[in-house]
>>> print(open('target-v8.csv').read())   # CSV, C-alpha atoms
chain,number,residue,atom,x,y,z
R,1,ASP,CA,23.2,79.7,79.5
R,2,GLN,CA,24.2,82.2,82.2
R,3,GLN,CA,23.4,85.6,80.8
R,4,VAL,CA,24.6,87.4,83.9
R,5,LYS,CA,27.8,86.3,85.6
R,6,GLN,CA,29.4,87.2,88.9
R,7,ASN,CA,32.7,85.5,88.7
R,8,SER,CA,33.9,86.3,92.2
R,9,PRO,CA,31.9,84.3,94.8
R,10,SER,CA,33.4,86.2,97.7
R,11,LEU,CA,35.3,89.3,98.5
R,12,SER,CA,36.9,90.6,101.8
R,13,VAL,CA,37.6,94.3,102.3
R,14,GLN,CA,38.9,96.3,105.2
R,15,GLU,CA,36.4,98.8,106.8
R,16,GLY,CA,36.8,102.2,105.3
R,17,ARG,CA,38.2,101.0,102.1
R,18,ILE,CA,36.5,100.7,98.7
R,19,SER,CA,34.6,97.5,97.8
R,20,ILE,CA,34.3,96.8,94.1
R,21,LEU,CA,31.9,94.1,93.0
R,22,ASN,CA,31.9,93.0,89.3
R,23,CYS,CA,29.3,91.7,87.0
R,24,ASP,CA,29.5,90.6,83.3
R,25,TYR,CA,26.6,90.0,81.0
R,26,THR,CA,26.2,88.4,77.6
R,27,ASN,CA,22.7,89.6,76.5
R,28,SER,CA,23.2,92.8,74.6
R,29,MET,CA,19.5,93.4,74.7
R,30,PHE,CA,19.5,94.2,78.4
R,31,ASP,CA,18.8,97.9,78.8
R,32,TYR,CA,18.5,98.2,82.5
R,33,PHE,CA,20.6,96.8,85.4
R,34,LEU,CA,20.0,96.5,89.1
R,35,TRP,CA,22.0,95.6,92.2
R,36,TYR,CA,20.4,93.9,95.2
R,37,LYS,CA,21.8,93.2,98.6
R,38,LYS,CA,20.8,90.2,100.6
R,39,TYR,CA,21.3,89.5,104.3
R,40,PRO,CA,21.0,85.9,105.7
R,41,ALA,CA,17.4,84.7,106.2
R,42,GLU,CA,16.1,87.8,104.5
R,43,GLY,CA,14.9,88.5,101.0
R,44,PRO,CA,17.0,90.6,98.5
R,45,THR,CA,16.6,94.3,98.8
R,46,PHE,CA,17.0,96.8,96.0
R,47,LEU,CA,20.1,98.9,96.2
R,48,ILE,CA,20.7,100.8,93.0
R,49,SER,CA,20.0,100.6,89.3
R,50,ILE,CA,21.3,102.0,86.0
R,51,SER,CA,19.9,102.5,82.6
R,52,SER,CA,21.9,101.4,79.6
R,53,ILE,CA,21.9,105.0,78.3
R,54,LYS,CA,24.1,106.0,81.3
R,55,ASP,CA,27.5,105.0,82.3
R,56,LYS,CA,27.3,105.9,86.0
R,57,ASN,CA,24.7,106.3,88.7
R,58,GLU,CA,25.5,107.3,92.2
R,59,ASP,CA,23.5,107.1,95.5
R,60,GLY,CA,25.4,108.0,98.6
R,61,ARG,CA,28.2,105.6,99.2
R,62,PHE,CA,27.1,103.4,96.3
R,63,THR,CA,28.0,104.0,92.6
R,64,VAL,CA,27.3,101.7,89.7
R,65,PHE,CA,29.4,101.9,86.5
R,66,LEU,CA,28.3,100.5,83.2
R,67,ASN,CA,30.7,99.7,80.3
R,68,LYS,CA,28.4,98.6,77.5
R,69,SER,CA,31.2,97.9,75.0
R,70,ALA,CA,32.7,95.4,77.5
R,71,LYS,CA,29.3,94.2,78.7
R,72,HIS,CA,30.5,94.9,82.3
R,73,LEU,CA,29.1,96.6,85.3
R,74,SER,CA,30.5,97.2,88.7
R,75,LEU,CA,29.3,98.4,92.1
R,76,HIS,CA,31.6,100.6,94.2
R,77,ILE,CA,31.0,101.0,97.9
R,78,VAL,CA,33.0,103.8,99.5
R,79,PRO,CA,33.7,103.8,102.3
R,80,SER,CA,32.8,100.2,103.2
R,81,GLN,CA,31.2,99.5,106.5
R,82,PRO,CA,30.7,96.3,108.5
R,83,GLY,CA,27.0,96.6,107.9
R,84,ASP,CA,27.6,96.2,104.1
R,85,SER,CA,28.6,92.6,104.7
R,86,ALA,CA,26.0,90.7,102.6
R,87,VAL,CA,25.5,88.9,99.3
R,88,TYR,CA,25.2,91.2,96.4
R,89,PHE,CA,23.3,90.2,93.2
R,90,CYS,CA,23.4,92.0,89.9
R,91,ALA,CA,20.5,91.6,87.5
R,92,GLY,CA,19.8,92.6,83.9
R,93,THR,CA,16.4,93.2,82.4
R,94,LEU,CA,14.6,94.4,79.3
R,95,THR,CA,12.4,97.4,79.8
R,96,SER,CA,10.1,96.7,76.9
R,97,GLY,CA,7.7,93.8,76.8
R,98,THR,CA,9.0,91.9,79.8
R,99,TYR,CA,9.7,92.5,83.5
R,100,LYS,CA,12.0,89.5,83.9
R,101,TYR,CA,15.1,90.0,85.8
R,102,ILE,CA,18.1,87.7,85.1
R,103,PHE,CA,20.2,87.5,88.2
R,104,GLY,CA,23.8,86.6,88.6
R,105,THR,CA,24.8,84.0,91.2
R,106,GLY,CA,25.9,86.6,93.8
R,107,THR,CA,29.1,87.8,95.5
R,108,ARG,CA,29.5,87.5,99.2
R,109,LEU,CA,31.1,90.7,100.6
R,110,LYS,CA,32.7,90.7,104.0
R,111,VAL,CA,33.8,94.0,105.5
R,112,LEU,CA,36.4,93.5,108.2
R,113,ALA,CA,36.3,95.9,111.2
P,114,ASP,CA,4.1,99.7,105.0
P,115,ALA,CA,3.8,96.0,104.9
P,116,GLY,CA,6.2,94.3,102.5
P,117,VAL,CA,5.8,91.1,100.6
P,118,ILE,CA,4.7,88.4,103.1
P,119,GLN,CA,5.5,84.8,102.6
P,120,SER,CA,4.4,81.7,104.5
P,121,PRO,CA,5.6,79.5,105.9
P,122,ARG,CA,9.1,80.7,106.6
P,123,HIS,CA,10.4,77.1,106.9
P,124,GLU,CA,8.9,73.9,105.6
P,125,VAL,CA,10.3,70.4,106.2
P,126,THR,CA,8.4,67.5,104.6
P,127,GLU,CA,9.0,64.1,103.3
P,128,MET,CA,9.5,63.2,99.7
P,129,GLY,CA,6.2,62.6,97.8
P,130,GLN,CA,4.2,65.0,99.9
P,131,GLU,CA,2.4,68.1,98.5
P,132,VAL,CA,3.9,71.4,99.4
P,133,THR,CA,2.1,74.8,99.2
P,134,LEU,CA,4.0,78.1,99.5
P,135,ARG,CA,2.0,81.3,100.0
P,136,CYS,CA,2.6,84.9,99.1
P,137,LYS,CA,0.9,88.2,99.7
P,138,PRO,CA,2.2,90.9,97.5
P,139,ILE,CA,2.4,94.6,98.3
P,140,SER,CA,-1.0,96.2,97.9
P,141,GLY,CA,-1.3,98.0,94.6
P,142,HIS,CA,1.5,96.0,92.8
P,143,ASP,CA,0.5,94.6,89.4
P,144,TYR,CA,3.3,92.1,89.1
P,145,LEU,CA,4.1,89.1,91.1
P,146,PHE,CA,7.2,86.9,90.7
P,147,TRP,CA,8.2,83.5,92.1
P,148,TYR,CA,11.9,82.7,92.3
P,149,ARG,CA,14.0,79.8,93.6
P,150,GLN,CA,17.5,80.2,95.0
P,151,THR,CA,20.0,77.4,95.0
P,152,MET,CA,23.7,77.4,95.6
P,153,MET,CA,24.4,76.2,92.1
P,154,ARG,CA,22.0,78.3,90.1
P,155,GLY,CA,21.5,81.4,92.2
P,156,LEU,CA,18.2,83.2,91.9
P,157,GLU,CA,16.0,81.7,89.1
P,158,LEU,CA,12.7,83.1,88.0
P,159,LEU,CA,10.1,80.4,88.0
P,160,ILE,CA,6.9,82.3,86.9
P,161,TYR,CA,5.5,85.7,86.9
P,162,PHE,CA,2.0,87.2,86.9
P,163,ASN,CA,0.6,90.5,85.7
P,164,ASN,CA,-2.8,91.5,87.0
P,165,ASN,CA,-3.3,87.9,88.3
P,166,VAL,CA,-2.6,86.4,84.9
P,167,PRO,CA,0.4,84.1,84.4
P,168,ILE,CA,2.6,85.7,81.8
P,169,ASP,CA,5.7,83.6,81.6
P,170,ASP,CA,6.1,80.2,83.2
P,171,SER,CA,9.1,79.1,81.2
P,172,GLY,CA,11.2,78.8,84.4
P,173,MET,CA,8.9,76.2,86.1
P,174,PRO,CA,11.1,73.2,86.2
P,175,GLU,CA,8.5,70.5,85.5
P,176,ASP,CA,4.8,69.6,85.7
P,177,ARG,CA,5.1,68.9,89.4
P,178,PHE,CA,5.2,72.7,89.9
P,179,SER,CA,2.2,74.9,89.6
P,180,ALA,CA,1.3,78.4,90.6
P,181,LYS,CA,-1.9,80.3,90.9
P,182,MET,CA,-3.0,83.9,91.7
P,183,PRO,CA,-6.7,83.8,92.4
P,184,ASN,CA,-6.8,87.5,93.4
P,185,ALA,CA,-4.5,90.5,93.6
P,186,SER,CA,-3.5,89.9,97.2
P,187,PHE,CA,-2.6,86.2,97.1
P,188,SER,CA,-0.6,83.7,95.2
P,189,THR,CA,0.5,80.1,95.8
P,190,LEU,CA,3.3,77.9,94.5
P,191,LYS,CA,2.5,74.2,94.7
P,192,ILE,CA,4.8,71.2,94.4
P,193,GLN,CA,3.2,67.8,94.0
P,194,PRO,CA,4.8,65.4,94.5
P,195,SER,CA,7.9,66.9,96.2
P,196,GLU,CA,11.4,65.5,95.7
P,197,PRO,CA,14.6,66.1,97.6
P,198,ARG,CA,16.1,68.1,94.7
P,199,ASP,CA,13.3,70.7,95.2
P,200,SER,CA,15.0,71.7,98.5
P,201,ALA,CA,15.8,75.4,98.1
P,202,VAL,CA,14.7,78.9,99.3
P,203,TYR,CA,11.7,80.1,97.4
P,204,PHE,CA,11.1,83.9,97.1
P,205,CYS,CA,8.1,85.8,96.1
P,206,ALA,CA,8.5,89.4,94.8
P,207,SER,CA,6.1,92.1,93.6
P,208,SER,CA,6.4,95.3,91.7
P,209,SER,CA,4.2,98.0,90.3
P,210,TRP,CA,3.9,98.8,86.6
P,211,GLY,CA,6.7,100.6,85.0
P,212,SER,CA,10.0,99.4,83.6
P,213,ASN,CA,12.1,101.1,86.2
P,214,GLN,CA,10.1,99.9,89.2
P,215,PRO,CA,12.3,97.5,91.3
P,216,GLN,CA,10.9,94.2,92.5
P,217,HIS,CA,10.4,93.9,96.2
P,218,PHE,CA,11.1,90.6,97.7
P,219,GLY,CA,9.6,88.7,100.7
P,220,ASP,CA,11.9,86.9,103.1
P,221,GLY,CA,11.5,83.6,101.5
P,222,THR,CA,10.4,80.1,102.4
P,223,ARG,CA,13.2,77.6,103.1
P,224,LEU,CA,12.0,74.3,101.9
P,225,SER,CA,13.6,71.0,102.8
P,226,ILE,CA,12.4,67.7,101.3
P,227,LEU,CA,13.7,64.7,103.1
>>> encode(input="target-v8.csv", output="structure tokens")
Amino acid sequence: DQQVKQNSPSLSVQEGRISILNCDYTNSMFDYFLWYKKYPAEGPTFLISISSIKDKNEDGRFTVFLNKSAKHLSLHIVPSQPGDSAVYFCAGTLTSGTYKYIFGTGTRLKVLA
Amino acid sequence: DAGVIQSPRHEVTEMGQEVTLRCKPISGHDYLFWYRQTMMRGLELLIYFNNNVPIDDSGMPEDRFSAKMPNASFSTLKIQPSEPRDSAVYFCASSSWGSNQPQHFGDGTRLSIL
């Protein structure tokens, strides 16, 4: 039972353009979501998060949007840079009683120079 | 600041052998997590500890897997006996208390069982 789904395994974007990575979830109990970025041979690093009481959170070039009714979140990167080329994982979690993250399977982003 | 430290970075061993993966969490973090990453299933949580006590081991695939945290600065994940299907990248992560505190990951151990 895949509670968090990233249906696009890969995405290619031209440098300077917007990258949009999508994530769907089925567990309506999730109340906090996170995005992690992973380079080859390294561990995932935290990128940005959003609480379910918000619909948008922005940090520099990175913005996460949450649509609770659609159980959908997206990560926007503007402008995209070659250094953004990595695998991006979204995760959902419950903030009460557990600290478990449920991760999606990841989307490989390639930013073309 | 030192991050989460995992050892070894790579492990190649033969089927049936015991494998021990090690993790040193970030000092002061109360939570420690073990994950496994495979192509098919992505990042799966195996087990996590709070203040050295295992809280949820529902992700541990079978009895061949065991994890311990004898103190706040060290944890092990052991596979005995190992099988080829255990080949994966194993990550350790730690976090401090608080629902909004992100988990910090080590660089992983790439395990290959021949």
>>> residues_around(input="target-v8.csv", residues="stretch 32-44 of chain R", least_positions_apart="4", cutoff="8 Å", atoms="all atoms listed in the file", output="PyMOL selection string")
(chain R and resi 48-52+75+85-95) or (chain P and resi 204+213+217-221)
>>> residues_around(input="target-v8.csv", residues="R:Gly83", least_positions_apart="4", cutoff="10 Å", atoms="all atoms listed in the file", output="list in words")
Glu15, Tyr39, Lys110, Val111, Leu112 and Ala113 of chain R
>>> write_last_selection(input="target-v8.csv", atoms="C-alpha atoms", output="PDB file, keeping the file's coordinate frame")
ATOM      1  CA  GLU R  15      36.400  98.800 106.800  1.00  0.00           C
ATOM      2  CA  TYR R  39      21.300  89.500 104.300  1.00  0.00           C
ATOM      3  CA  LYS R 110      32.700  90.700 104.000  1.00  0.00           C
ATOM      4  CA  VAL R 111      33.800  94.000 105.500  1.00  0.00           C
ATOM      5  CA  LEU R 112      36.400  93.500 108.200  1.00  0.00           C
ATOM      6  CA  ALA R 113      36.300  95.900 111.200  1.00  0.00           C
TER       7      ALA R 113
END
>>> interface_residues(input="target-v8.csv", of="chain P", to="chain R", cutoff="10 Å", atoms="all atoms listed in the file", output="short mmCIF file (atom, residue, chain, number, x, y, z; two decimals) with C-alpha atoms, in the frame of the given file")
data_model
loop_
_atom_site.label_atom_id
_atom_site.label_comp_id
_atom_site.auth_asym_id
_atom_site.auth_seq_id
_atom_site.Cartn_x
_atom_site.Cartn_y
_atom_site.Cartn_z
CA VAL P 117 5.80 91.10 100.60
CA ARG P 122 9.10 80.70 106.60
CA TYR P 144 3.30 92.10 89.10
CA PHE P 146 7.20 86.90 90.70
CA GLN P 150 17.50 80.20 95.00
CA THR P 151 20.00 77.40 95.00
CA MET P 152 23.70 77.40 95.60
CA MET P 153 24.40 76.20 92.10
CA ARG P 154 22.00 78.30 90.10
CA GLY P 155 21.50 81.40 92.20
CA LEU P 156 18.20 83.20 91.90
CA GLU P 157 16.00 81.70 89.10
CA LEU P 158 12.70 83.10 88.00
CA ILE P 160 6.90 82.30 86.90
CA TYR P 161 5.50 85.70 86.90
CA PHE P 162 2.00 87.20 86.90
CA ASN P 163 0.60 90.50 85.70
CA ILE P 168 2.60 85.70 81.80
CA ASP P 169 5.70 83.60 81.60
CA VAL P 202 14.70 78.90 99.30
CA TYR P 203 11.70 80.10 97.40
CA PHE P 204 11.10 83.90 97.10
CA CYS P 205 8.10 85.80 96.10
CA ALA P 206 8.50 89.40 94.80
CA SER P 208 6.40 95.30 91.70
CA TRP P 210 3.90 98.80 86.60
CA GLY P 211 6.70 100.60 85.00
CA SER P 212 10.00 99.40 83.60
CA ASN P 213 12.10 101.10 86.20
CA GLN P 214 10.10 99.90 89.20
CA PRO P 215 12.30 97.50 91.30
CA GLN P 216 10.90 94.20 92.50
CA HIS P 217 10.40 93.90 96.20
CA PHE P 218 11.10 90.60 97.70
CA GLY P 219 9.60 88.70 100.70
CA ASP P 220 11.90 86.90 103.10
CA GLY P 221 11.50 83.60 101.50
CA THR P 222 10.40 80.10 102.40
CA ARG P 223 13.20 77.60 103.10
#
>>> atom_distance(input="target-v8.csv", atom1="atom CA of P:Glu131", atom2="atom CA of P:Phe187")
18.8 Å
>>> closest_residue(input="target-v8.csv", among="P:Ser186, P:Arg198, P:Gln130, P:Lys191", to="P:His142", atoms="only C-alpha atoms")
P:Ser186
>>> residues_around(input="target-v8.csv", residues="P:Lys137", least_positions_apart="2", cutoff="10 Å", atoms="only C-alpha atoms", output="ChimeraX atom specification")
/P:115-120,135,139-140,145,182,184-189,205-207,219
>>> atom_distance(input="target-v8.csv", atom1="atom CA of R:Asn67", atom2="atom CA of R:Val4")
14.2 Å
>>> atom_distance(input="target-v8.csv", atom1="atom CA of P:Glu196", atom2="atom CA of P:Ser171")
20.0 Å
>>> residues_around(input="target-v8.csv", residues="P:Leu190", least_positions_apart="6", cutoff="8 Å", atoms="all atoms listed in the file", output="VMD selection string")
chain P and resid 133 to 135 147 178 to 181
>>> closest_residue(input="target-v8.csv", among="R:Leu11, R:Leu73, R:Val64, R:Ile53", to="R:Cys23", atoms="all atoms listed in the file")
R:Leu73
>>> closest_residue(input="target-v8.csv", among="R:Lys5, R:Ser10, R:Asp24, R:Thr107", to="R:Ser69", atoms="all atoms listed in the file")
R:Asp24
>>> closest_residue(input="target-v8.csv", among="P:Pro138, P:Gln193, P:Arg177, P:Leu227", to="P:Ser209", atoms="all atoms listed in the file")
P:Pro138
